[in-house]
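Okay, final26.txt is below, compact mmCIF, C-alpha atoms:
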# COMPACT_ATOMS: atom_id res chain seq x y z
CA MET A 1 104.19 54.71 133.74
CA ASN A 2 103.51 58.45 133.64
CA PHE A 3 103.41 60.94 136.53
CA LEU A 4 99.63 60.71 137.02
CA GLU A 5 99.58 56.90 136.95
CA GLU A 6 102.38 56.89 139.54
CA ARG A 7 100.36 59.22 141.77
CA ILE A 8 97.23 57.07 141.42
CA ILE A 9 99.22 53.96 142.41
CA LYS A 10 100.74 55.81 145.37
CA ASP A 11 97.65 57.59 146.73
CA GLY A 12 94.55 56.22 144.98
CA VAL A 13 92.19 53.82 146.74
CA VAL A 14 90.04 51.28 144.90
CA LYS A 15 86.54 50.79 146.35
CA GLU A 16 83.74 48.36 145.51
CA GLY A 17 81.49 49.45 142.65
CA ASN A 18 84.32 50.57 140.31
CA ILE A 19 85.11 53.58 142.47
CA LEU A 20 88.63 55.03 142.42
CA LYS A 21 89.12 57.45 145.29
CA VAL A 22 91.64 60.15 144.46
CA ASP A 23 90.26 62.75 146.83
CA ASN A 24 93.59 63.38 148.53
CA PHE A 25 95.11 64.93 145.38
CA LEU A 26 92.52 65.39 142.61
CA ASN A 27 88.96 66.12 143.67
CA HIS A 28 88.78 67.18 147.32
CA GLN A 29 92.29 68.12 148.43
CA LEU A 30 93.97 69.54 145.32
CA ASP A 31 97.62 69.08 144.40
CA VAL A 32 98.20 72.24 142.37
CA GLY A 33 101.71 71.15 141.34
CA LEU A 34 100.24 67.96 139.88
CA PHE A 35 97.56 70.03 138.12
CA ASP A 36 100.33 72.15 136.61
CA GLN A 37 102.02 69.01 135.26
CA MET A 38 98.69 67.91 133.81
CA GLY A 39 98.14 71.29 132.16
CA ALA A 40 101.63 71.23 130.67
CA GLU A 41 101.00 67.74 129.28
CA TRP A 42 97.70 68.76 127.66
CA ALA A 43 99.42 71.85 126.23
CA ARG A 44 102.02 69.52 124.70
CA ARG A 45 99.40 67.12 123.34
CA PHE A 46 97.21 69.88 121.89
CA GLU A 47 100.08 72.01 120.60
CA GLY A 48 99.09 73.74 117.37
CA VAL A 49 95.35 73.17 117.96
CA GLU A 50 93.29 76.35 117.94
CA ILE A 51 91.77 76.82 121.41
CA ASN A 52 90.34 80.05 122.79
CA LYS A 53 88.29 78.74 125.76
CA ILE A 54 88.29 75.86 128.20
CA LEU A 55 84.99 74.38 129.37
CA THR A 56 84.50 72.12 132.38
CA ILE A 57 81.71 71.15 134.74
CA GLU A 58 81.46 71.99 138.43
CA ALA A 59 82.92 71.17 140.79
CA SER A 60 85.89 68.81 140.47
CA GLY A 61 86.90 69.96 136.99
CA ILE A 62 87.27 73.63 137.91
CA GLY A 63 90.68 73.49 139.62
CA ILE A 64 92.23 71.34 136.89
CA ALA A 65 90.75 73.55 134.16
CA CYS A 66 92.01 76.76 135.78
CA ILE A 67 95.59 75.57 136.09
CA THR A 68 95.45 74.10 132.57
CA ALA A 69 94.15 77.43 131.20
CA ARG A 70 97.40 79.10 132.28
CA HIS A 71 99.25 76.89 129.79
CA PHE A 72 96.91 77.92 126.96
CA GLY A 73 96.42 81.58 127.95
CA VAL A 74 92.63 81.31 127.68
CA PRO A 75 89.65 81.75 130.03
CA VAL A 76 87.74 78.94 131.74
CA ILE A 77 83.98 78.54 131.66
CA PHE A 78 82.32 76.03 133.95
CA ALA A 79 78.88 74.55 133.50
CA LYS A 80 76.87 75.14 136.65
CA LYS A 81 74.67 72.44 138.12
CA SER A 82 72.08 74.86 139.46
CA GLN A 83 70.62 78.25 138.65
CA SER A 84 71.82 81.05 140.92
CA VAL A 85 70.71 84.65 141.37
CA ASN A 86 73.90 85.98 139.80
CA LEU A 87 73.42 83.95 136.60
CA ASP A 88 71.24 86.05 134.36
CA GLY A 89 70.31 86.24 130.71
CA ASP A 90 69.98 83.50 128.16
CA LEU A 91 71.42 80.09 128.96
CA TYR A 92 72.49 76.92 127.21
CA SER A 93 71.54 73.78 129.09
CA ALA A 94 71.94 70.02 128.93
CA GLU A 95 70.93 67.14 131.17
CA VAL A 96 73.89 65.24 132.63
CA GLU A 97 73.87 62.05 134.66
CA SER A 98 76.68 61.65 137.22
CA PHE A 99 78.27 58.20 137.58
CA THR A 100 79.73 59.13 140.97
CA HIS A 101 76.70 60.83 142.49
CA LYS A 102 74.06 58.64 140.79
CA ASN A 103 71.87 61.64 139.94
CA LYS A 104 70.93 63.86 137.02
CA ASN A 105 71.60 67.57 136.79
CA ASN A 106 70.56 70.15 134.27
CA VAL A 107 73.88 71.95 133.67
CA ILE A 108 73.88 75.52 132.39
CA VAL A 109 76.24 77.99 130.74
CA SER A 110 75.47 81.64 130.07
CA LYS A 111 75.22 82.48 126.38
CA LYS A 112 77.35 85.59 126.94
CA PHE A 113 80.45 83.41 127.55
CA LEU A 114 80.20 80.92 124.69
CA GLY A 115 79.25 81.53 121.09
CA PRO A 116 79.86 80.89 117.41
CA GLY A 117 83.51 80.85 116.48
CA ASP A 118 84.73 79.67 119.89
CA LYS A 119 87.22 76.79 119.76
CA VAL A 120 86.76 74.89 123.01
CA LEU A 121 88.93 72.45 124.91
CA ILE A 122 86.90 70.43 127.41
CA ILE A 123 88.79 69.49 130.60
CA ASP A 124 87.47 67.18 133.34
CA ASP A 125 88.75 64.96 136.12
CA PHE A 126 87.06 61.62 135.31
CA LEU A 127 85.50 59.87 132.34
CA ALA A 128 83.31 56.84 133.07
CA ASN A 129 80.16 56.58 130.95
CA GLY A 130 80.65 59.84 129.06
CA CYS A 131 77.40 61.51 130.14
CA ALA A 132 79.05 64.71 131.41
CA LEU A 133 81.11 65.04 128.23
CA GLN A 134 78.07 64.52 126.03
CA GLY A 135 76.28 67.28 127.96
CA LEU A 136 79.21 69.68 127.53
CA ILE A 137 79.47 68.79 123.83
CA SER A 138 75.73 69.53 123.49
CA ILE A 139 76.22 72.96 125.07
CA ILE A 140 79.13 73.73 122.73
CA ASN A 141 77.01 72.67 119.75
CA GLN A 142 74.06 74.78 120.95
CA ALA A 143 76.43 77.76 121.01
CA GLY A 144 77.58 77.17 117.44
CA ALA A 145 81.11 76.72 118.81
CA SER A 146 83.39 73.77 118.08
CA VAL A 147 85.13 71.16 120.20
CA SER A 148 88.89 71.44 119.63
CA GLY A 149 89.62 68.53 121.93
CA ILE A 150 88.91 66.86 125.24
CA GLY A 151 91.38 66.40 128.09
CA ILE A 152 90.55 63.92 130.85
CA ALA A 153 92.70 63.26 133.90
CA ILE A 154 91.50 59.68 134.60
CA GLU A 155 89.52 57.58 132.15
CA LYS A 156 87.92 54.35 133.29
CA GLY A 157 88.78 52.36 130.17
CA PHE A 158 86.68 49.41 131.28
CA GLN A 159 83.55 51.59 131.00
CA ASN A 160 82.16 52.74 127.68
CA GLY A 161 82.51 56.54 127.88
CA GLY A 162 85.85 56.81 126.10
CA THR A 163 84.72 54.54 123.29
CA ILE A 164 81.49 56.53 122.84
CA ILE A 165 83.29 59.89 122.69
CA ARG A 166 86.03 58.64 120.34
CA ASN A 167 83.41 57.02 118.09
CA MET A 168 81.69 60.42 117.89
CA GLY A 169 84.89 61.65 116.22
CA TYR A 170 86.32 63.77 119.03
CA ARG A 171 89.99 63.90 119.94
CA LEU A 172 90.17 62.61 123.50
CA GLU A 173 93.44 62.80 125.44
CA SER A 174 93.28 60.98 128.78
CA LEU A 175 96.37 61.23 130.96
CA ALA A 176 95.69 57.92 132.73
CA ILE A 177 93.44 55.16 131.40
CA VAL A 178 92.51 52.54 133.98
CA ASP A 179 91.77 49.20 132.31
CA ASP A 180 91.09 47.24 135.50
CA MET A 181 90.71 47.79 139.24
CA ASP A 182 90.40 45.19 141.98
CA ALA A 183 88.82 46.40 145.22
CA LYS A 184 89.97 43.29 147.11
CA THR A 185 93.67 43.64 146.27
CA GLY A 186 93.77 47.38 145.48
CA LYS A 187 95.52 46.57 142.19
CA ILE A 188 95.11 49.07 139.35
CA THR A 189 96.04 48.18 135.76
CA PHE A 190 96.65 50.99 133.28
CA ARG A 191 96.39 50.86 129.51
CA ALA A 192 99.80 50.64 127.90
Could you write out this file's structure as structure tokens?
Amino acid sequence: MNFLEERIIKDGVVKEGNILKVDNFLNHQLDVGLFDQMGAEWARRFEGVEINKILTIEASGIGIACITARHFGVPVIFAKKSQSVNLDGDLYSAEVESFTHKNKNNVIVSKKFLGPGDKVLIIDDFLANGCALQGLISIINQAGASVSGIGIAIEKGFQNGGTIIRNMGYRLESLAIVDDMDAKTGKITFRA
């Protein structure tokens, strides 16, 4: 069992509807030391891969991506879920459906931060159905950039997102893959 799986067992809470609450260390209260371990692990796994930018989606991916970026020495771009007055110029956009929030967002990235020749590592906290990743991949493709890899903190292996992304030919490195969760007992089974 790796460090992230151990933390999920210790502090994660399984809820009905295939929900894994990890808000006390991953996506509400943030354990920066844990994020640093995660970044170091992705740096090890993607060693030798050309990466010059990290892309994530707001909001839960931002903290993880920022700490991870320190290990790669590259900037972080995050796809915004809404237009703001300080976001100007031409934009890339993609529609993304959220498993957690049960809604769709049109996510956007300014064209001035992503373009041809960029080698992008996508980082995010969860992978369920793969909709967010497909949206980020679409934005990277629109930019003429390339996906160097994808790093996910927690993949729900019993949902189809990981299979879809891997079948698309992308290198996907999930630090913890949950194969089964039982809300009644709280038991979590990880992929070996």
Residues of segment 58-158 of chain A at most 7 Å from segment 22-36 of chain A: nearest atom pair and distance in Å, all atoms listed in the file, as CSV:
residue,atom,partner,partner_atom,distance
A:Ser60,CA,A:Asn27,CA,5.2
A:Ile64,CA,A:Phe35,CA,5.6
A:Ile67,CA,A:Asp36,CA,5.9
A:Thr68,CA,A:Asp36,CA,6.6
re atom CA of Lys119 of chain A and atom CA of Gln142 of chain A: distance 13.4 Å
Protein, DNA and RNA residues within 8 Å of (93.6, 51.1, 133.6), only C-alpha atoms, as a VMD selection string:
chain A and resid 155 to 158 176 to 181 188 to 191
Would you mind exporting the chosen residues as an mmCIF file, keeping the file's coordinate frame, restricted to C-alpha atoms?
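After the write, again16.cif holds the following:
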data_model
loop_
_atom_site.group_PDB
_atom_site.id
_atom_site.type_symbol
_atom_site.label_atom_id
_atom_site.label_comp_id
_atom_site.auth_asym_id
_atom_site.auth_seq_id
_atom_site.Cartn_x
_atom_site.Cartn_y
_atom_site.Cartn_z
ATOM 1 C CA GLU A 155 89.520 57.580 132.150
ATOM 2 C CA LYS A 156 87.920 54.350 133.290
ATOM 3 C CA GLY A 157 88.780 52.360 130.170
ATOM 4 C CA PHE A 158 86.680 49.410 131.280
ATOM 5 C CA ALA A 176 95.690 57.920 132.730
ATOM 6 C CA ILE A 177 93.440 55.160 131.400
ATOM 7 C CA VAL A 178 92.510 52.540 133.980
ATOM 8 C CA ASP A 179 91.770 49.200 132.310
ATOM 9 C CA ASP A 180 91.090 47.240 135.500
ATOM 10 C CA MET A 181 90.710 47.790 139.240
ATOM 11 C CA ILE A 188 95.110 49.070 139.350
ATOM 12 C CA THR A 189 96.040 48.180 135.760
ATOM 13 C CA PHE A 190 96.650 50.990 133.280
ATOM 14 C CA ARG A 191 96.390 50.860 129.510
#
Counting only C-alpha atoms, the residue of A:Ala183, A:Val147, A:Ala192, A:Ala128 that sits nearest Gly17 of chain A:
A:Ala183
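Between Ala143 of chain A and the residues A:Gly130, A:Gly12, A:Gly61, A:Gly117, the shortest atom-to-atom distance, using all atoms listed in the file, involves A:Gly117.
If you count all atoms listed in the file and draw a sphere of 10 Å around (91.9, 77.0, 130.4), the protein and nucleic acid residues inside it come out as Gly39, Ile51, Asn52, Lys53, Ile54, Leu55, Thr56, Ile62, Gly63, Ile64, Ala65, Cys66, Ile67, Thr68, Ala69, Arg70, His71, Phe72, Gly73, Val74, Pro75, Val76, Ile77, Val120, Leu121, Ile122 and Ile123 of chain A.
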Repaired coordinates for segment 31-45 of chain A (N, CA and C atoms) as a compact mmCIF listing (two decimals), in the frame of the given file:
# COMPACT_ATOMS: atom_id res chain seq x y z
N ASP A 31 96.18 68.94 144.55
CA ASP A 31 97.62 69.08 144.40
C ASP A 31 97.88 69.98 143.18
N VAL A 32 98.08 71.25 143.44
CA VAL A 32 98.20 72.24 142.37
C VAL A 32 99.45 71.98 141.52
N GLY A 33 100.52 71.51 142.12
CA GLY A 33 101.71 71.15 141.34
C GLY A 33 101.42 70.03 140.35
N LEU A 34 100.65 69.04 140.78
CA LEU A 34 100.24 67.96 139.88
C LEU A 34 99.35 68.51 138.77
N PHE A 35 98.42 69.41 139.12
CA PHE A 35 97.56 70.03 138.12
C PHE A 35 98.39 70.77 137.08
N ASP A 36 99.46 71.43 137.53
CA ASP A 36 100.33 72.15 136.61
C ASP A 36 101.01 71.18 135.64
N GLN A 37 101.45 70.04 136.14
CA GLN A 37 102.02 69.01 135.26
C GLN A 37 100.99 68.54 134.24
N MET A 38 99.75 68.35 134.70
CA MET A 38 98.69 67.91 133.81
C MET A 38 98.43 68.95 132.73
N GLY A 39 98.35 70.22 133.13
CA GLY A 39 98.14 71.29 132.16
C GLY A 39 99.25 71.36 131.13
N ALA A 40 100.49 71.21 131.59
CA ALA A 40 101.63 71.23 130.67
C ALA A 40 101.55 70.06 129.68
N GLU A 41 101.11 68.90 130.17
CA GLU A 41 101.00 67.74 129.28
C GLU A 41 99.90 67.94 128.24
N TRP A 42 98.75 68.49 128.66
CA TRP A 42 97.70 68.76 127.66
C TRP A 42 98.16 69.82 126.68
N ALA A 43 98.90 70.82 127.14
CA ALA A 43 99.42 71.85 126.23
C ALA A 43 100.35 71.21 125.20
N ARG A 44 101.14 70.23 125.63
CA ARG A 44 102.02 69.52 124.70
C ARG A 44 101.20 68.71 123.70
N ARG A 45 100.21 67.98 124.21
CA ARG A 45 99.40 67.12 123.34
C ARG A 45 98.54 67.90 122.35
